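Asks: Dropping in upload.cif, which is mmCIF, C-alpha atoms:
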data_structure
#
loop_
_atom_site.label_atom_id
_atom_site.label_comp_id
_atom_site.auth_asym_id
_atom_site.auth_seq_id
_atom_site.Cartn_x
_atom_site.Cartn_y
_atom_site.Cartn_z
CA MET A 1021 247.24 113.64 141.21
CA LEU A 1022 248.59 117.18 140.90
CA VAL A 1023 248.81 118.86 137.46
CA ALA A 1024 250.57 122.18 136.90
CA GLN A 1025 249.65 124.09 133.75
CA LEU A 1026 251.98 126.80 132.51
CA SER A 1027 250.94 128.77 129.46
CA ASP A 1028 251.95 131.58 127.15
CA THR A 1029 255.48 131.98 128.43
CA HIS A 1030 256.53 133.90 125.28
CA LEU A 1031 260.23 133.39 125.93
CA LEU A 1032 262.71 135.30 123.78
CA ALA A 1033 266.06 134.23 122.39
CA ASP A 1034 267.78 136.67 124.77
CA ALA A 1035 266.99 135.88 128.41
CA GLU A 1036 267.57 139.53 129.36
CA ALA A 1037 265.24 140.97 126.73
CA SER A 1038 261.79 142.32 127.55
CA LEU A 1039 258.49 142.15 125.69
CA PHE A 1040 255.93 144.93 126.27
CA GLY A 1041 257.79 145.87 129.43
CA HIS A 1042 257.96 142.33 130.84
CA ASN A 1043 261.02 140.11 131.10
CA THR A 1044 259.36 136.84 130.16
CA THR A 1045 262.17 134.65 131.47
CA ARG A 1046 262.19 136.27 134.90
CA ASN A 1047 258.41 136.06 135.05
CA LEU A 1048 258.51 132.33 134.29
CA VAL A 1049 261.15 131.75 136.96
CA ALA A 1050 259.05 133.67 139.49
CA VAL A 1051 256.00 131.52 138.72
CA LEU A 1052 258.01 128.30 138.92
CA ASP A 1053 259.34 129.37 142.31
CA ALA A 1054 255.76 129.86 143.54
CA LEU A 1055 254.69 126.35 142.51
CA PRO A 1056 255.21 123.27 144.68
CA PRO A 1057 258.77 121.96 144.28
CA ARG A 1058 257.54 118.97 142.30
CA VAL A 1059 254.18 117.97 140.82
CA ASP A 1060 252.97 114.78 139.15
CA VAL A 1061 252.39 116.32 135.72
CA MET A 1062 253.39 119.61 134.12
CA VAL A 1063 251.82 120.75 130.85
CA VAL A 1064 253.06 123.85 129.03
CA THR A 1065 250.18 124.77 126.75
CA GLY A 1066 251.72 126.76 123.97
CA ASP A 1067 253.21 130.07 122.93
CA ILE A 1068 256.35 128.85 124.61
CA ALA A 1069 258.48 131.16 122.46
CA GLU A 1070 257.56 134.59 121.17
CA ASP A 1071 259.99 134.52 118.26
CA GLY A 1072 260.40 130.78 117.64
CA ALA A 1073 264.06 130.89 118.65
CA PRO A 1074 265.68 127.54 119.52
CA ASP A 1075 267.34 129.18 122.54
CA ALA A 1076 263.90 130.07 123.90
CA TYR A 1077 262.83 126.41 123.74
CA ARG A 1078 266.09 125.30 125.32
CA ARG A 1079 265.46 127.70 128.21
CA ALA A 1080 261.89 126.46 128.65
CA LYS A 1081 263.20 122.91 128.78
CA SER A 1082 265.97 123.67 131.28
CA LEU A 1083 263.91 125.88 133.59
CA THR A 1084 261.12 123.31 133.91
CA ALA A 1085 263.42 120.29 134.23
CA GLY A 1086 262.95 118.30 137.42
CA ARG A 1087 259.73 120.10 138.30
CA ALA A 1088 257.40 117.19 137.52
CA GLN A 1089 257.37 113.45 137.22
CA HIS A 1090 256.01 113.88 133.70
CA ARG A 1091 256.29 117.01 131.53
CA TYR A 1092 254.67 117.85 128.20
CA PHE A 1093 254.83 120.80 125.77
CA LEU A 1094 252.11 121.84 123.31
CA ALA A 1095 252.40 124.27 120.41
CA GLY A 1096 250.68 127.65 120.26
CA ASN A 1097 250.19 130.05 117.39
CA HIS A 1098 253.48 131.85 118.11
CA ASP A 1099 255.57 128.68 118.17
CA ASP A 1100 257.82 127.57 115.35
CA PRO A 1101 257.00 123.87 114.85
CA ASP A 1102 260.41 122.96 113.42
CA ALA A 1103 262.42 124.68 116.16
CA MET A 1104 260.09 123.34 118.83
CA ARG A 1105 260.34 119.80 117.47
CA ALA A 1106 264.14 119.99 117.28
CA VAL A 1107 264.50 120.99 120.94
CA LEU A 1108 261.46 119.54 122.71
CA GLY A 1109 260.65 116.50 120.61
CA PRO A 1110 257.67 115.46 118.47
CA THR A 1111 254.58 117.65 118.32
CA GLU A 1112 251.99 115.02 117.45
CA PRO A 1113 248.44 116.08 116.57
CA LEU A 1114 247.17 113.87 119.42
CA ARG A 1115 248.80 112.05 122.28
CA MET A 1116 246.99 110.01 124.95
CA VAL A 1117 248.86 109.44 128.20
CA PRO A 1118 247.49 107.48 131.19
CA ILE A 1119 248.51 109.41 134.31
CA GLY A 1120 247.18 107.10 136.97
CA GLU A 1121 244.43 104.62 137.63
CA HIS A 1122 241.63 107.16 137.25
CA TRP A 1123 242.82 109.75 134.71
CA THR A 1124 244.14 109.94 131.15
CA LEU A 1125 245.76 113.00 129.61
CA ALA A 1126 244.75 113.95 126.05
CA LEU A 1127 247.24 116.33 124.45
CA VAL A 1128 245.80 118.00 121.33
CA ASN A 1129 247.80 120.21 118.98
CA SER A 1130 245.50 123.11 118.02
CA GLN A 1131 248.19 125.10 116.17
CA TRP A 1132 247.04 126.36 112.77
CA VAL A 1133 250.28 127.56 111.27
CA GLY A 1134 250.11 131.16 110.07
CA HIS A 1135 246.86 131.91 111.90
CA GLU A 1136 245.93 133.34 115.31
CA PRO A 1137 242.93 131.09 116.04
CA GLY A 1138 243.31 127.37 116.53
CA ARG A 1139 242.14 124.45 114.49
CA VAL A 1140 241.96 120.67 114.91
CA GLY A 1141 241.93 118.71 111.66
CA ASP A 1142 239.27 116.18 110.69
CA GLU A 1143 241.70 113.25 110.93
CA THR A 1144 242.73 114.24 114.46
CA LEU A 1145 239.11 114.74 115.49
CA ALA A 1146 238.23 111.28 114.19
CA GLN A 1147 241.18 109.77 116.03
CA LEU A 1148 240.23 111.59 119.23
CA ARG A 1149 236.60 110.46 118.96
CA ASP A 1150 237.72 106.86 118.45
CA VAL A 1151 240.16 106.75 121.34
CA LEU A 1152 237.79 108.52 123.74
CA GLY A 1153 235.24 105.83 122.96
CA ARG A 1154 237.63 103.24 124.35
CA VAL A 1155 239.04 105.08 127.37
CA GLN A 1156 237.74 103.87 130.73
CA ALA A 1157 239.31 106.64 132.83
CA HIS A 1158 238.34 110.29 133.26
CA VAL A 1159 240.01 112.46 130.62
CA ILE A 1160 241.73 115.82 131.02
CA LEU A 1161 242.15 117.38 127.56
CA CYS A 1162 244.87 120.00 127.06
CA LEU A 1163 245.40 122.33 124.11
CA HIS A 1164 246.53 125.89 123.45
CA HIS A 1165 243.36 127.47 122.05
CA PRO A 1166 240.19 127.50 124.20
CA PRO A 1167 237.18 125.72 122.68
CA ALA A 1168 235.10 127.89 125.03
CA SER A 1169 236.71 131.33 124.86
CA PRO A 1170 235.81 134.26 127.13
CA CYS A 1171 236.84 136.63 124.33
CA PRO A 1172 234.42 137.30 121.44
CA ASN A 1173 237.18 138.01 118.91
CA LEU A 1174 237.71 135.14 116.43
CA ALA A 1175 241.46 135.24 117.05
CA CYS A 1176 240.90 134.31 120.71
CA GLY A 1177 239.65 130.78 120.19
CA MET A 1178 239.06 128.03 117.68
CA ALA A 1179 238.22 128.77 114.05
CA GLU A 1180 235.64 125.98 113.99
CA PRO A 1181 234.94 124.92 117.59
CA GLY A 1182 231.74 122.98 116.88
CA PRO A 1183 233.21 119.61 115.80
CA LEU A 1184 235.67 119.56 118.70
CA GLU A 1185 232.92 120.50 121.15
CA GLU A 1186 230.83 117.58 119.89
CA VAL A 1187 233.69 115.16 120.48
CA ILE A 1188 234.30 116.58 123.96
CA ASP A 1189 230.62 116.38 124.89
CA SER A 1190 230.18 112.79 123.73
CA GLY A 1191 233.05 111.18 125.64
CA PRO A 1192 234.69 110.84 129.07
CA VAL A 1193 236.30 114.30 129.05
CA ARG A 1194 235.85 115.93 132.45
CA LEU A 1195 238.29 118.86 132.15
CA VAL A 1196 239.64 120.98 129.31
CA LEU A 1197 242.77 123.05 130.00
CA SER A 1198 243.71 125.83 127.58
CA GLY A 1199 245.75 129.01 127.33
CA HIS A 1200 246.07 131.60 124.52
CA VAL A 1201 243.88 134.36 125.95
CA HIS A 1202 246.19 135.20 128.90
CA GLN A 1203 243.15 135.18 131.15
CA GLN A 1204 242.03 132.72 133.78
CA PHE A 1205 238.46 131.45 133.54
CA ASP A 1206 236.40 128.58 134.87
CA VAL A 1207 233.17 127.61 133.11
CA THR A 1208 231.17 124.39 133.05
CA ARG A 1209 229.19 123.48 129.97
CA ARG A 1210 227.17 120.30 129.54
CA GLY A 1211 229.01 118.66 132.42
CA VAL A 1212 232.52 119.49 131.15
CA ARG A 1213 234.65 122.00 133.02
CA PHE A 1214 236.75 124.40 130.94
CA LEU A 1215 239.68 125.95 132.80
CA GLY A 1216 241.63 128.76 131.17
CA ALA A 1217 245.14 129.34 132.48
CA PRO A 1218 246.67 132.70 133.25
CA SER A 1219 249.92 133.56 131.48
CA THR A 1220 253.38 133.45 133.00
CA PHE A 1221 254.09 136.50 130.79
CA ARG A 1222 251.17 138.94 131.29
CA GLN A 1223 247.41 138.91 131.88
CA LEU A 1224 244.99 140.47 129.39
CA ARG A 1225 241.50 141.94 129.54
CA HIS A 1226 239.47 141.46 126.35
CA GLY A 1227 236.99 143.77 124.67
CA GLY A 1228 237.22 147.19 123.05
CA ASP A 1229 239.68 148.48 120.48
CA PRO A 1230 242.29 147.06 120.54
CA HIS A 1231 240.53 143.93 121.70
CA TYR A 1232 242.87 143.37 124.66
CA THR A 1233 244.75 145.40 127.28
CA ASP A 1234 247.35 144.46 129.87
CA THR A 1235 245.77 144.20 133.35
CA ARG A 1236 249.16 144.51 135.11
CA GLU A 1237 248.28 141.51 137.25
CA PRO A 1238 251.24 139.32 138.26
CA PRO A 1239 252.42 136.37 136.19
CA ALA A 1240 250.69 133.15 137.21
CA ALA A 1241 249.99 129.49 136.50
CA GLN A 1242 247.23 126.99 137.15
CA LEU A 1243 247.44 124.07 139.58
CA VAL A 1244 244.78 121.36 139.29
CA GLU A 1245 244.31 118.54 141.79
CA LEU A 1246 242.58 115.62 140.07
CA LEU A 1247 240.27 113.59 142.28
CA ASP A 1248 239.46 109.91 141.73
CA ASP A 1249 235.76 110.61 141.12
CA GLY A 1250 236.38 112.89 138.10
CA GLU A 1251 236.18 116.16 139.99
CA ALA A 1252 239.04 118.63 140.33
CA VAL A 1253 240.21 121.34 142.70
CA ARG A 1254 241.78 124.31 140.95
CA HIS A 1255 244.22 126.87 142.34
CA ILE A 1256 245.77 129.91 140.69
CA VAL A 1257 249.42 130.29 141.69
CA ARG A 1258 250.81 133.80 141.33
CA ALA A 1259 254.41 134.95 141.33
CA ARG A 1260 255.42 136.37 144.67
#
Would you kindly transcribe this structure into structure tokens?
Replies:
Amino acid sequence: MLVAQLSDTHLLADAEASLFGHNTTRNLVAVLDALPPRVDVMVVTGDIAEDGAPDAYRRAKSLTAGRAQHRYFLAGNHDDPDAMRAVLGPTEPLRMVPIGEHWTLALVNSQWVGHEPGRVGDETLAQLRDVLGRVQAHVILCLHHPPASPCPNLACGMAEPGPLEEVIDSGPVRLVLSGHVHQQFDVTRRGVRFLGAPSTFRQLRHGGDPHYTDTREPPAAQLVELLDDGEAVRHIVRAR
């Protein structure tokens, strides 16, 4: 089972426009061209649009069409929920999707409208806890904001990560895929592997003032091969 994670595309209404010296549409196309022609699952984990423009969501939808057997979009802090919903469909707080005999995909909306950090509401946490208690497969949980962030700034992660971490630790979650920080990372905590995706827009280094700087590394995505025993093989795919 091959999962491609794209994150933080930051597409603009104008496909020819640039953001901080990067053409986000061209960068996304370059990353897509570097991926395998077709994967089993593609998850776009938020900050799809920089300015919430419907045309940006339409472009994300068209550029990723046909690239995966199953494709899902999650909201990030930059996304406009109404525009995203109108173009890409419902943005439920939680969606559970079996993606084979051995794995289930948990899609969690961590968007906290009007705020940089993420948040998962009590009702969603309770629902997630309940459904994880009944899932027999390994679970790969996807969201925009990292529960385990490599950046110490509050804006880089979850406002209240503790309750979500408790739910993750107590169930069959094997992998957590996130974006937001524009920085790849791979950490294992209490048996759960947290994989942060690079950005198709630009990569950032955190720390200092301001708390991030552009590393000038190429746009990239994350490719995860899910194994039947709950393990995973991860590859970073960079634009050529």
Asks: Mind giving me the straight-line distance from atom CA of A:Thr1220 to atom CA of A:Leu1163 in Å, one decimal?
Replies: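 It comes out at 16.3 Å.
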Asks: For stretch 1153-1228 of chain A against stretch 1104-1117 of chain A, with a cut-off of 10 Å and counting all atoms listed in the file, what is the closest atom pair and its distance in Å to one decimal for every residue that makes the cut, ordered by chain and number, as a Markdown table?
Replies:
| residue | atom | partner | partner_atom | distance |
| --- | --- | --- | --- | --- |
| A:Val1155 | CA | A:Met1116 | CA | 9.7 |
| A:Val1159 | CA | A:Met1116 | CA | 9.3 |
| A:Ile1160 | CA | A:Met1116 | CA | 9.9 |
| A:Leu1161 | CA | A:Met1116 | CA | 9.2 |
| A:Leu1163 | CA | A:Leu1114 | CA | 9.8 |
Asks: Quick one: residues within 7 Å of A:Gln1025, all atoms listed in the file counted, chain neighbours fewer than 5 positions away excluded, as a PyMOL selection string?
Replies: chain A and resi 1062-1064+1241-1243
Asks: Which residues match the PyMOL selection byres ((chain A and resi 1162) around 9) in the file above, as a list of chain:residue names?
Replies: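 Applying the PyMOL selection byres ((chain A and resi 1162) around 9) to the structure shown produces A:Val1063, A:Thr1065, A:Leu1094, A:Leu1125, A:Ala1126, A:Leu1127, A:Val1128, A:Asn1129, A:Ile1160, A:Leu1161, A:Leu1163, A:His1164, A:Leu1195, A:Val1196, A:Leu1197, A:Ser1198.
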Asks: Could you please determine the separation between atom CA of A:Thr1208 and atom CA of A:Ala1088 in Å, to one decimal place?
Replies: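 Atom CA of A:Ala1088 lies at a distance of 27.6 Å from atom CA of A:Thr1208.
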Asks: Decode the PyMOL selection byres ((chain A and resi 1158) around 6) for the given file into explicit residues and return them as a ChimeraX atom specification.
Replies: /A:1123,1157,1159,1192,1250
Asks: With 9 Å as the threshold, what does the neighbourhood of (229.8, 117.2, 132.9) contain in terms of residues, counting all atoms listed in the file? Coordinates are those of the file; answer as a JSON list (two decimals) with C-alpha atoms, in the coordinates of the input.
Replies:
[["chain", "number", "residue", "atom", "x", "y", "z"],
["A", 1189, "ASP", "CA", 230.62, 116.38, 124.89],
["A", 1192, "PRO", "CA", 234.69, 110.84, 129.07],
["A", 1193, "VAL", "CA", 236.30, 114.30, 129.05],
["A", 1194, "ARG", "CA", 235.85, 115.93, 132.45],
["A", 1195, "LEU", "CA", 238.29, 118.86, 132.15],
["A", 1208, "THR", "CA", 231.17, 124.39, 133.05],
["A", 1209, "ARG", "CA", 229.19, 123.48, 129.97],
["A", 1210, "ARG", "CA", 227.17, 120.30, 129.54],
["A", 1211, "GLY", "CA", 229.01, 118.66, 132.42],
["A", 1212, "VAL", "CA", 232.52, 119.49, 131.15],
["A", 1213, "ARG", "CA", 234.65, 122.00, 133.02]]
Asks: Just to confirm, what's the straight-line distance from atom CA of A:Glu1245 to atom CA of A:Ser1130 in Å (one decimal)?
Replies: 24.2 Å
